[in-house]
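> For reference, the file start.cif (mmCIF, C-alpha atoms) is included below:
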data_start
loop_
_atom_site.label_atom_id
_atom_site.label_comp_id
_atom_site.auth_asym_id
_atom_site.auth_seq_id
_atom_site.Cartn_x
_atom_site.Cartn_y
_atom_site.Cartn_z
CA MET A 5 95.81 -159.45 18.89
CA SER A 6 93.89 -162.06 16.96
CA LEU A 7 95.32 -162.91 13.57
CA MET A 8 94.52 -166.62 13.43
CA ILE A 9 92.04 -166.15 10.57
CA MET A 10 93.33 -162.99 8.95
CA ASP A 11 96.99 -163.92 8.72
CA GLN A 12 96.04 -166.94 6.61
CA ASP A 13 94.82 -164.55 3.90
CA PRO A 14 97.67 -163.70 1.48
CA GLU A 15 96.08 -160.31 0.75
CA PHE A 16 96.20 -159.43 4.44
CA LEU A 17 99.92 -160.15 4.61
CA ASN A 18 100.62 -158.46 1.28
CA LEU A 19 98.82 -155.28 2.31
CA THR A 20 100.47 -155.18 5.73
CA ASN A 21 103.93 -155.56 4.20
CA GLU A 22 103.21 -152.99 1.47
CA ILE A 23 102.03 -150.37 3.99
CA PHE A 24 104.99 -150.96 6.29
CA THR A 25 107.49 -150.74 3.41
CA ARG A 26 105.86 -147.61 1.99
CA GLN A 27 105.91 -145.87 5.38
CA LEU A 28 109.65 -146.38 5.69
CA GLU A 29 110.28 -145.34 2.08
CA ASN A 30 108.27 -142.15 2.55
CA ASN A 31 110.19 -141.15 5.66
CA GLN A 32 113.88 -141.94 5.33
CA GLY A 33 114.67 -140.11 8.55
CA LEU A 34 112.27 -142.29 10.47
CA SER A 35 113.65 -145.41 8.81
CA ALA A 36 117.21 -144.54 9.83
CA SER A 37 116.23 -143.82 13.45
CA LEU A 38 114.38 -147.08 14.15
CA ASP A 39 116.15 -149.95 15.84
CA GLY A 40 114.99 -153.57 15.54
CA TRP A 41 112.50 -153.36 18.41
CA ALA A 42 110.97 -150.12 17.12
CA ARG A 43 110.59 -151.57 13.63
CA LYS A 44 108.84 -154.61 15.06
CA LYS A 45 106.49 -152.40 17.09
CA MET A 46 105.72 -150.26 14.04
CA TYR A 47 104.96 -153.37 11.98
CA GLN A 48 102.62 -154.63 14.72
CA ASP A 49 100.75 -151.31 14.69
CA VAL A 50 100.25 -151.58 10.92
CA GLN A 51 99.18 -155.19 11.34
CA TYR A 52 96.65 -154.17 13.99
CA ASN A 53 95.08 -151.53 11.73
CA VAL A 54 94.85 -153.93 8.79
CA ASP A 55 93.43 -156.60 11.08
CA PHE A 56 90.46 -154.36 11.90
CA LEU A 57 90.10 -153.41 8.23
CA TYR A 58 89.91 -157.05 7.17
CA THR A 59 87.64 -157.95 10.08
CA ALA A 60 85.15 -155.40 8.77
CA LEU A 61 85.63 -156.77 5.25
CA TYR A 62 85.28 -160.40 6.36
CA LEU A 63 82.09 -159.69 8.32
CA GLU A 64 80.75 -157.18 5.78
CA ASP A 65 80.19 -154.62 8.54
CA GLU A 66 81.36 -151.09 7.77
CA GLY A 67 80.67 -149.95 11.32
CA ILE A 68 83.44 -152.14 12.77
CA PHE A 69 86.17 -150.13 11.04
CA SER A 70 84.41 -146.78 11.57
CA ARG A 71 84.13 -147.39 15.31
CA TYR A 72 87.75 -148.49 15.38
CA ALA A 73 88.75 -145.24 13.64
CA ARG A 74 86.96 -143.21 16.32
CA TRP A 75 88.50 -145.33 19.08
CA LEU A 76 91.97 -144.93 17.59
CA TYR A 77 91.58 -141.16 17.25
CA GLN A 78 90.48 -140.92 20.89
CA LEU A 79 93.49 -143.04 21.89
CA LEU A 80 96.02 -141.00 19.93
CA CYS A 81 94.94 -137.49 20.95
CA PRO A 82 96.22 -137.69 24.56
CA LEU A 83 99.17 -139.82 23.46
CA MET A 84 100.22 -137.21 20.87
CA GLU A 85 99.56 -134.24 23.16
CA TYR A 86 102.21 -132.17 21.39
CA PHE A 87 99.87 -132.05 18.35
CA THR A 88 96.50 -130.36 18.03
CA ARG A 89 93.42 -132.51 17.60
CA GLU A 90 93.25 -131.30 14.01
CA ARG A 91 96.83 -132.40 13.35
CA VAL A 92 96.16 -135.86 14.82
CA CYS A 93 93.14 -136.10 12.55
CA ALA A 94 95.25 -135.15 9.54
CA ILE A 95 97.89 -137.76 10.41
CA MET A 96 95.25 -140.46 10.65
CA VAL A 97 93.66 -139.45 7.36
CA GLU A 98 97.10 -139.53 5.74
CA HIS A 99 97.56 -143.06 7.03
CA TYR A 100 94.21 -144.22 5.64
CA GLU A 101 95.11 -142.66 2.29
CA LEU A 102 98.45 -144.49 2.43
CA ILE A 103 96.55 -147.73 2.93
CA ARG A 104 94.38 -146.81 -0.07
CA SER A 105 97.43 -146.18 -2.24
CA CYS A 106 98.82 -149.61 -1.33
CA LEU A 107 95.72 -151.52 -2.43
CA GLU A 108 96.62 -151.64 -6.10
CA ASN A 109 99.88 -153.52 -5.52
CA ALA A 110 98.67 -155.77 -2.70
CA VAL A 111 94.98 -156.56 -3.13
CA ALA A 112 92.95 -158.27 -5.83
CA GLU A 113 90.99 -155.89 -8.03
CA GLU A 114 87.60 -157.28 -7.04
CA THR A 115 88.29 -156.64 -3.34
CA ARG A 116 89.43 -153.04 -3.70
CA PRO A 117 86.01 -151.31 -3.98
CA LYS A 118 84.89 -152.74 -0.63
CA LEU A 119 88.13 -151.66 1.04
CA HIS A 120 87.81 -148.19 -0.50
CA ARG A 121 84.36 -147.85 1.06
CA LEU A 122 85.68 -148.95 4.45
CA LEU A 123 88.50 -146.40 4.24
CA ASP A 124 86.08 -143.66 3.18
CA ALA A 125 83.91 -144.45 6.21
CA ALA A 126 86.94 -144.42 8.54
CA ILE A 127 88.08 -141.03 7.21
CA TRP A 128 84.60 -139.59 7.67
CA ALA A 129 84.36 -141.00 11.20
CA THR A 130 87.78 -139.58 12.13
CA ARG A 131 86.92 -136.12 10.87
CA ASP A 132 83.55 -136.22 12.59
CA GLU A 133 85.17 -137.31 15.85
CA CYS A 134 87.65 -134.45 15.54
CA ALA A 135 84.92 -131.90 14.87
CA HIS A 136 82.27 -133.04 17.32
CA GLY A 137 83.68 -135.68 19.65
CA SER A 138 81.64 -138.57 21.00
CA GLN A 139 78.18 -137.38 21.96
CA GLU A 140 77.10 -140.47 23.88
CA ARG A 141 77.47 -140.26 27.63
CA PRO A 142 76.23 -143.22 29.68
CA ASP A 143 73.51 -142.40 32.17
CA LYS A 144 74.36 -142.76 35.82
CA GLY A 145 72.93 -146.01 37.12
CA ARG A 146 71.16 -146.63 40.37
CA TYR A 147 74.40 -147.93 41.87
CA GLU A 148 76.50 -144.89 40.96
CA GLN A 149 77.72 -144.43 44.52
CA GLU A 150 78.68 -148.09 44.93
CA THR A 151 80.41 -148.16 41.54
CA GLY A 152 82.39 -145.04 42.40
CA GLN A 153 83.42 -146.46 45.76
CA TYR A 154 84.71 -149.66 44.22
CA LEU A 155 86.51 -147.88 41.39
CA ASN A 156 88.20 -145.45 43.80
CA LEU A 157 89.53 -148.32 45.91
CA LEU A 158 90.95 -149.97 42.80
CA LEU A 159 92.66 -146.77 41.70
CA GLN A 160 94.11 -146.35 45.19
CA SER A 161 95.57 -149.88 44.92
CA ASP A 162 93.60 -150.85 48.02
CA THR A 163 93.25 -154.58 47.40
CA GLN A 164 91.82 -155.47 50.81
CA GLY A 165 89.41 -152.54 50.71
CA ALA A 166 88.07 -153.47 47.28
CA MET A 167 87.56 -157.10 48.24
CA ALA A 168 85.90 -156.15 51.51
CA LEU A 169 83.56 -153.75 49.72
CA VAL A 170 82.28 -156.44 47.34
CA ALA A 171 81.64 -158.73 50.31
CA GLU A 172 79.88 -155.85 52.05
CA TYR A 173 77.56 -155.36 49.09
CA MET A 174 76.62 -159.03 49.17
CA ASN A 175 76.08 -159.00 52.94
CA ALA A 176 73.87 -155.92 52.52
CA GLY A 177 71.53 -157.98 50.35
CA LEU A 178 72.33 -156.53 46.94
CA PRO A 179 71.42 -159.07 44.24
CA LEU A 180 74.43 -160.91 42.84
CA GLY A 181 73.45 -159.93 39.28
CA ASP A 182 73.42 -156.27 40.22
CA ILE A 183 76.81 -156.53 41.91
CA CYS A 184 78.32 -158.21 38.86
CA VAL A 185 76.69 -156.17 36.09
CA ASP A 186 75.77 -152.77 37.53
CA ILE A 187 78.72 -152.28 39.87
CA ILE A 188 81.75 -154.40 39.00
CA ALA A 189 81.30 -154.59 35.22
CA GLU A 190 80.57 -150.86 35.08
CA ALA A 191 83.63 -150.08 37.20
CA MET A 192 85.80 -152.17 34.89
CA ARG A 193 84.33 -150.43 31.85
CA ARG A 194 85.46 -147.15 33.39
CA VAL A 195 88.89 -148.62 34.05
CA GLY A 196 89.10 -149.35 30.34
CA ASP A 197 88.09 -145.77 29.56
CA LEU A 198 90.80 -144.44 31.87
CA TRP A 199 93.41 -146.55 30.09
CA HIS A 200 92.07 -145.46 26.71
CA GLY A 201 92.47 -141.83 27.77
CA HIS A 202 96.02 -142.46 29.07
CA ARG A 203 94.95 -141.54 32.59
CA ILE A 204 96.11 -144.88 33.99
CA SER A 205 98.85 -147.24 32.81
CA VAL A 206 98.34 -150.72 31.42
CA ASP A 207 99.83 -152.22 34.59
CA MET A 208 97.14 -150.46 36.65
CA GLU A 209 94.47 -151.79 34.31
CA HIS A 210 95.82 -155.31 34.80
CA TYR A 211 95.93 -154.77 38.57
CA CYS A 212 92.26 -153.74 38.59
CA THR A 213 91.38 -156.88 36.65
CA SER A 214 93.34 -159.10 39.01
CA VAL A 215 91.77 -157.61 42.13
CA THR A 216 88.29 -157.89 40.62
CA GLN A 217 88.84 -161.58 39.92
CA MET A 218 89.86 -162.10 43.56
CA ALA A 219 86.91 -160.04 44.80
CA LEU A 220 84.48 -162.19 42.87
CA SER A 221 86.11 -165.44 43.95
CA GLN A 222 85.32 -164.78 47.61
CA LEU A 223 81.63 -165.04 46.69
CA TYR A 224 82.00 -168.59 45.36
CA PRO A 225 80.75 -170.38 48.51
CA LEU A 226 77.43 -168.61 47.97
CA ILE A 227 77.48 -168.90 44.18
CA PHE A 228 78.19 -172.63 44.14
CA GLY A 229 76.01 -173.41 47.14
CA GLN A 230 72.66 -173.13 45.38
CA LYS A 231 70.31 -176.02 44.72
CA ARG A 232 71.08 -177.75 41.40
CA ARG A 233 68.55 -177.69 38.57
CA GLY A 234 70.03 -180.36 36.34
CA LYS A 235 70.96 -177.87 33.60
CA ARG A 236 74.43 -177.19 32.21
CA VAL A 237 76.01 -174.20 30.47
CA LEU A 238 79.40 -174.13 28.75
CA VAL A 239 81.09 -170.70 28.64
CA ALA A 240 84.20 -169.73 26.67
CA CYS A 241 86.09 -166.77 25.22
CA VAL A 242 86.61 -167.51 21.54
CA GLY A 243 89.86 -167.73 19.59
CA SER A 244 92.59 -165.70 21.24
CA GLU A 245 90.25 -163.42 23.23
CA LEU A 246 91.95 -162.71 26.56
CA HIS A 247 89.31 -160.56 28.25
CA GLU A 248 87.49 -163.07 30.40
CA ILE A 249 85.85 -161.28 33.33
CA GLY A 250 82.54 -160.91 31.47
CA ALA A 251 82.49 -164.60 30.58
CA ARG A 252 83.38 -165.53 34.14
CA MET A 253 80.45 -163.47 35.42
CA VAL A 254 78.09 -165.25 33.02
CA ALA A 255 79.22 -168.64 34.32
CA ASP A 256 78.91 -167.45 37.93
CA LEU A 257 75.39 -166.09 37.44
CA PHE A 258 74.27 -169.39 35.92
CA GLU A 259 75.84 -171.27 38.86
CA TYR A 260 74.03 -168.96 41.27
CA HIS A 261 70.76 -169.91 39.58
CA GLY A 262 71.43 -173.61 40.03
CA TRP A 263 73.05 -174.45 36.72
CA ASP A 264 76.28 -176.41 36.44
CA SER A 265 78.81 -174.36 34.51
CA ILE A 266 81.69 -175.60 32.40
CA TYR A 267 83.90 -172.53 32.24
CA LEU A 268 86.70 -172.89 29.67
CA GLY A 269 88.22 -169.44 30.21
CA ALA A 270 90.13 -167.21 27.81
CA ALA A 271 91.55 -167.87 24.34
CA VAL A 272 89.80 -171.17 23.61
CA PRO A 273 90.31 -172.60 20.09
CA VAL A 274 87.20 -173.65 18.19
CA GLU A 275 88.27 -177.31 18.16
CA ALA A 276 88.58 -177.27 21.96
CA ILE A 277 85.08 -175.81 22.31
CA LYS A 278 83.67 -178.49 20.01
CA SER A 279 85.43 -181.21 21.98
CA ALA A 280 84.12 -179.85 25.29
CA VAL A 281 80.58 -179.71 23.90
CA LEU A 282 80.79 -183.37 22.86
CA GLU A 283 82.10 -184.34 26.28
CA HIS A 284 79.76 -182.32 28.51
CA ARG A 285 76.61 -182.06 26.36
CA PRO A 286 75.55 -178.63 27.70
CA ASP A 287 72.04 -177.25 27.37
CA LEU A 288 73.52 -173.91 26.30
CA VAL A 289 76.86 -172.71 24.93
CA ALA A 290 77.73 -169.07 25.71
CA LEU A 291 80.53 -167.46 23.68
CA SER A 292 82.09 -164.18 24.79
CA VAL A 293 83.91 -161.64 22.60
CA THR A 294 85.29 -158.34 23.88
CA MET A 295 87.53 -157.12 21.05
CA PRO A 296 85.93 -156.82 17.57
CA GLN A 297 88.83 -158.49 15.73
CA HIS A 298 87.83 -161.74 17.44
CA LEU A 299 84.33 -161.70 15.92
CA PRO A 300 85.35 -163.80 12.89
CA HIS A 301 86.47 -166.54 15.29
CA CYS A 302 83.08 -166.38 17.00
CA ARG A 303 81.21 -166.71 13.71
CA GLU A 304 83.42 -169.64 12.76
CA ALA A 305 82.81 -171.27 16.15
CA VAL A 306 79.04 -170.91 15.74
CA LYS A 307 79.23 -172.36 12.25
CA GLN A 308 81.27 -175.39 13.30
CA LEU A 309 79.17 -176.04 16.40
CA ARG A 310 76.05 -176.00 14.23
CA GLU A 311 77.64 -178.48 11.82
CA GLN A 312 78.49 -180.73 14.76
CA ASP A 313 75.04 -180.44 16.36
CA PRO A 314 72.31 -178.59 14.38
CA GLY A 315 70.04 -178.36 17.41
CA ILE A 316 72.52 -176.85 19.85
CA LYS A 317 71.52 -173.63 21.65
CA ILE A 318 74.22 -170.93 21.36
CA ALA A 319 74.35 -167.49 22.97
CA VAL A 320 76.84 -164.76 22.12
CA GLY A 321 77.70 -161.56 23.93
CA GLY A 322 80.36 -159.11 24.92
CA ASN A 323 81.46 -155.60 24.10
CA ALA A 324 82.51 -156.53 20.55
CA PHE A 325 78.84 -156.83 19.57
CA SER A 326 77.97 -153.29 20.69
CA GLY A 327 76.74 -151.20 17.78
CA THR A 328 76.40 -154.12 15.39
CA LYS A 329 73.75 -156.72 14.56
CA ILE A 330 75.95 -159.18 12.71
CA TRP A 331 74.79 -161.84 15.17
CA ALA A 332 71.25 -161.59 13.71
CA GLY A 333 72.15 -163.92 10.86
CA TRP A 334 73.93 -166.48 13.02
CA ASP A 335 70.86 -168.19 14.57
CA VAL A 336 72.02 -167.39 18.11
CA ILE A 337 70.69 -165.75 21.24
CA TYR A 338 72.13 -162.32 21.97
CA THR A 339 71.67 -160.18 25.08
CA GLU A 340 73.60 -157.16 26.30
CA ASP A 341 73.00 -158.06 29.93
CA ALA A 342 74.07 -161.39 31.47
CA ARG A 343 71.04 -161.29 33.75
CA ASN A 344 68.76 -161.26 30.71
CA LEU A 345 70.54 -164.29 29.28
CA VAL A 346 70.02 -166.23 32.50
CA GLN A 347 66.35 -165.22 32.53
CA TRP A 348 65.95 -166.29 28.89
CA ALA A 349 67.56 -169.64 29.65
CA GLU A 350 65.33 -170.19 32.69
CA ASP A 351 62.19 -169.34 30.72
CA THR A 352 63.12 -171.26 27.57
CA LEU A 353 65.27 -174.22 28.59
#
Let me see the structure of the file written as structure tokens.


Amino acid sequence: MSLMIMDQDPEFLNLTNEIFTRQLENNQGLSASLDGWARKKMYQDVQYNVDFLYTALYLEDEGIFSRYARWLYQLLCPLMEYFTRERVCAIMVEHYELIRSCLENAVAEETRPKLHRLLDAAIWATRDECAHGSQERPDKGRYEQETGQYLNLLLQSDTQGAMALVAEYMNAGLPLGDICVDIIAEAMRRVGDLWHGHRISVDMEHYCTSVTQMALSQLYPLIFGQKRRGKRVLVACVGSELHEIGARMVADLFEYHGWDSIYLGAAVPVEAIKSAVLEHRPDLVALSVTMPQHLPHCREAVKQLREQDPGIKIAVGGNAFSGTKIWAGWDVIYTEDARNLVQWAEDTL
């Protein structure tokens, strides 16, 4: 969880502490039954909810908290299988109303109206999700069979089979971009959905990630063997963002197209990105964000990079930007598809 910006705000800490205290006061039986570890876990859950609330407030984007409310409801329904969907909805609404009741003691008066609107939107989204469920279903892509094959091997814990299959796709002449984006990235998106629905454990999710990283690494002789073009891209996951496969694929696709990549990896502080930019002087900086609560770090990174070099070209991307256009005011390049970013860079730079 990313709290490097939010936890510096006294209101954030005050509200988190107020909610946690009020929860225990309202349920003395729960309070008496929790040991030290359980109390810490409960506090972290409250902190996580408030983190998303303040991310939406900080970025002035109501949709961030509404989408989180839907995501959380979807997560809790299978986890709380002993309750009906309607009861889970009611519990969540009660929690949002508890947050609302804590605002007066913890938050400055001028901030409260915005937080009230965010809570109203989250309550509406939760009730709508309960009544109708998510209507969006991704269309099956042209590589549905290949994606299914790869995903099945991962879920069977067949490491050698999964790695061999990726090599087979490359040997069959499938474009590298299609392998990365249409097959592997889509399979990993489905892995995330399976974890979200409590159909696989977090250790299986981590296993799938690890195997995918190994599967991609065996393609490096081809990726790094292309003729150089004299262009350089610097790629990083901002702040404390730990999801790095998407960023790694971006760097690999640029390498495959003859660019030299400076890949900084996961959880890179803004100061480290600025230092690397000064050292390597890239033609393009690509910042990746998967979890929405890291978006404030990305905006701060863009701001500071612009102050350091007003002419620098910056691209942003990742799942955190889905459903929002907050990037539109950042003076950056945004694409949903890494292949499109490479094409833009080739055409423009």

> If the PyMOL selection byres ((chain A and resi 265-276) around 7) were run on this exact file, what residues would it hold? Put them as a ChimeraX atom specification.

/A:236-248,255,258-259,263-264,277-280,305

> Return the single residue from A:Gln78, A:Ser70, A:Thr352, A:Asn53 that is closest to A:Ile127, with distances computed using all atoms listed in the file.

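Nearest candidate to A:Ile127 out of A:Gln78, A:Ser70, A:Thr352, A:Asn53: A:Ser70.
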
> Find the residues around A:Phe325 up to 10 Å (all atoms listed in the file counted), leave out those fewer than 2 positions away in its own chain, and share them as an MDAnalysis selection string.

chainID A and resid 68 292:296 299 320:323 327:331 338:340

> Work out how far atom CA of A:Leu102 is from atom CA of A:Arg89, in Å to one decimal.

20.0 Å

> Considering all atoms listed in the file, return as a compact mmCIF listing (two decimals) with C-alpha atoms, in the coordinates of the input whatever protein or nucleic-acid residues lie within 12 Å of A:Leu83, sequence-local ones (same chain, fewer than 2 positions apart) excluded.


# COMPACT_ATOMS: atom_id res chain seq x y z
CA LEU A 76 91.97 -144.93 17.59
CA TYR A 77 91.58 -141.16 17.25
CA GLN A 78 90.48 -140.92 20.89
CA LEU A 79 93.49 -143.04 21.89
CA LEU A 80 96.02 -141.00 19.93
CA CYS A 81 94.94 -137.49 20.95
CA GLU A 85 99.56 -134.24 23.16
CA TYR A 86 102.21 -132.17 21.39
CA PHE A 87 99.87 -132.05 18.35
CA THR A 88 96.50 -130.36 18.03
CA ARG A 89 93.42 -132.51 17.60
CA VAL A 92 96.16 -135.86 14.82
CA TRP A 199 93.41 -146.55 30.09
CA HIS A 200 92.07 -145.46 26.71
CA GLY A 201 92.47 -141.83 27.77
CA HIS A 202 96.02 -142.46 29.07
CA ARG A 203 94.95 -141.54 32.59
CA SER A 205 98.85 -147.24 32.81

> Just so the selection is clear, what residues does the PyMOL selection byres ((chain A and resi 155) around 10) cover here, as a list in words?

Gln149, Glu150, Thr151, Gly152, Gln153, Tyr154, Asn156, Leu157, Leu158, Leu159, Gln160, Ser161, Ala166, Ile187, Ile188, Glu190, Ala191, Met192, Arg194, Val195 and Cys212 of chain A

> I'd like the contact shell of A:Leu226 - 10 Å cut-off, only C-alpha atoms, skipping same-chain residues fewer than 5 positions apart - returned as a ChimeraX atom specification.

/A:174,180,259-260

> Taking the file above as input, evaluate the PyMOL selection byres ((chain A and resi 16-29) around 9) and report the hits as number ranges by chain.

A: 10-15, 30-36, 46-47, 50-51, 53-55, 58, 99, 102-103, 105-107, 109-111

> Figure out the distance between atom CA of A:Ala189 and atom CA of A:Thr213, please, to one decimal in Å.

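Computed distance, atom CA of A:Thr213 to atom CA of A:Ala189, equals 10.4 Å.
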
> Please provide as a PyMOL selection string all residues within 12 Å of A:Ser221, with the sequence filter that same-chain residues fewer than 3 positions apart are discarded (counting only C-alpha atoms).

chain A and resi 167-168+170-171+184+214-218+224-228+249+252-253+256

> Can you tell me, as JSON, the centre and edge lengths (Å, one decimal) of the axis-aligned box enclosing all of stretch 220-224 of chain A's listed atoms after padding each side by 5 Å?


{"center_x": 83.9, "center_y": -165.4, "center_z": 45.2, "size_x": 14.5, "size_y": 16.4, "size_z": 14.7}

> I want to know what sits within 10 Å of A:Lys118, based on only C-alpha atoms, with residues of the same chain fewer than 3 positions away left out; could you give that as a list in words?

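Residues near the query, excluding close chain neighbours: Ala60, Leu61, Glu64, Glu66, Glu114, Thr115, Arg121, Leu122, Leu123 and Asp124 of chain A.
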
> Identify which of the residues A:Ile316, A:Val281, A:Leu223, A:Val185 lies closest to A:Gly145, counting only C-alpha atoms when measuring atom-to-atom distances.

A:Val185

> Any chance you could build stretch 320-332 of chain A out to N, CA, C and O atoms and write it as a PDB file, keeping the file's coordinate frame?


ATOM      1  N   VAL A 320      75.631-165.563  22.285  1.00  0.00           N
ATOM      2  CA  VAL A 320      76.840-164.760  22.120  1.00  0.00           C
ATOM      3  C   VAL A 320      76.651-163.435  22.839  1.00  0.00           C
ATOM      4  O   VAL A 320      75.520-162.948  22.987  1.00  0.00           O
ATOM      5  N   GLY A 321      77.771-162.846  23.257  1.00  0.00           N
ATOM      6  CA  GLY A 321      77.700-161.560  23.930  1.00  0.00           C
ATOM      7  C   GLY A 321      79.078-160.986  24.150  1.00  0.00           C
ATOM      8  O   GLY A 321      80.091-161.619  23.844  1.00  0.00           O
ATOM      9  N   GLY A 322      79.098-159.784  24.675  1.00  0.00           N
ATOM     10  CA  GLY A 322      80.360-159.110  24.920  1.00  0.00           C
ATOM     11  C   GLY A 322      80.420-157.770  24.201  1.00  0.00           C
ATOM     12  O   GLY A 322      79.625-157.481  23.308  1.00  0.00           O
ATOM     13  N   ASN A 323      81.369-156.964  24.600  1.00  0.00           N
ATOM     14  CA  ASN A 323      81.460-155.600  24.100  1.00  0.00           C
ATOM     15  C   ASN A 323      81.657-155.528  22.588  1.00  0.00           C
ATOM     16  O   ASN A 323      81.273-154.547  21.944  1.00  0.00           O
ATOM     17  N   ALA A 324      82.255-156.556  21.991  1.00  0.00           N
ATOM     18  CA  ALA A 324      82.510-156.530  20.550  1.00  0.00           C
ATOM     19  C   ALA A 324      81.229-156.434  19.736  1.00  0.00           C
ATOM     20  O   ALA A 324      81.256-155.986  18.587  1.00  0.00           O
ATOM     21  N   PHE A 325      80.099-156.855  20.305  1.00  0.00           N
ATOM     22  CA  PHE A 325      78.840-156.830  19.570  1.00  0.00           C
ATOM     23  C   PHE A 325      78.113-155.498  19.696  1.00  0.00           C
ATOM     24  O   PHE A 325      77.074-155.306  19.047  1.00  0.00           O
ATOM     25  N   SER A 326      78.629-154.586  20.519  1.00  0.00           N
ATOM     26  CA  SER A 326      77.970-153.290  20.690  1.00  0.00           C
ATOM     27  C   SER A 326      77.979-152.520  19.375  1.00  0.00           C
ATOM     28  O   SER A 326      79.011-152.389  18.720  1.00  0.00           O
ATOM     29  N   GLY A 327      76.828-152.001  18.989  1.00  0.00           N
ATOM     30  CA  GLY A 327      76.740-151.200  17.780  1.00  0.00           C
ATOM     31  C   GLY A 327      76.631-151.991  16.499  1.00  0.00           C
ATOM     32  O   GLY A 327      76.682-151.420  15.412  1.00  0.00           O
ATOM     33  N   THR A 328      76.514-153.303  16.592  1.00  0.00           N
ATOM     34  CA  THR A 328      76.400-154.120  15.390  1.00  0.00           C
ATOM     35  C   THR A 328      75.329-155.188  15.597  1.00  0.00           C
ATOM     36  O   THR A 328      75.039-155.581  16.734  1.00  0.00           O
ATOM     37  N   LYS A 329      74.748-155.646  14.493  1.00  0.00           N
ATOM     38  CA  LYS A 329      73.750-156.720  14.560  1.00  0.00           C
ATOM     39  C   LYS A 329      74.169-157.894  13.678  1.00  0.00           C
ATOM     40  O   LYS A 329      73.322-158.626  13.163  1.00  0.00           O
ATOM     41  N   ILE A 330      75.480-158.080  13.547  1.00  0.00           N
ATOM     42  CA  ILE A 330      75.950-159.180  12.710  1.00  0.00           C
ATOM     43  C   ILE A 330      75.494-160.540  13.258  1.00  0.00           C
ATOM     44  O   ILE A 330      75.355-161.502  12.498  1.00  0.00           O
ATOM     45  N   TRP A 331      75.238-160.598  14.553  1.00  0.00           N
ATOM     46  CA  TRP A 331      74.790-161.840  15.170  1.00  0.00           C
ATOM     47  C   TRP A 331      73.400-162.256  14.663  1.00  0.00           C
ATOM     48  O   TRP A 331      73.007-163.419  14.782  1.00  0.00           O
ATOM     49  N   ALA A 332      72.633-161.310  14.091  1.00  0.00           N
ATOM     50  CA  ALA A 332      71.250-161.590  13.710  1.00  0.00           C
ATOM     51  C   ALA A 332      71.148-162.697  12.666  1.00  0.00           C
ATOM     52  O   ALA A 332      70.135-163.397  12.601  1.00  0.00           O
TER      53      ALA A 332
END
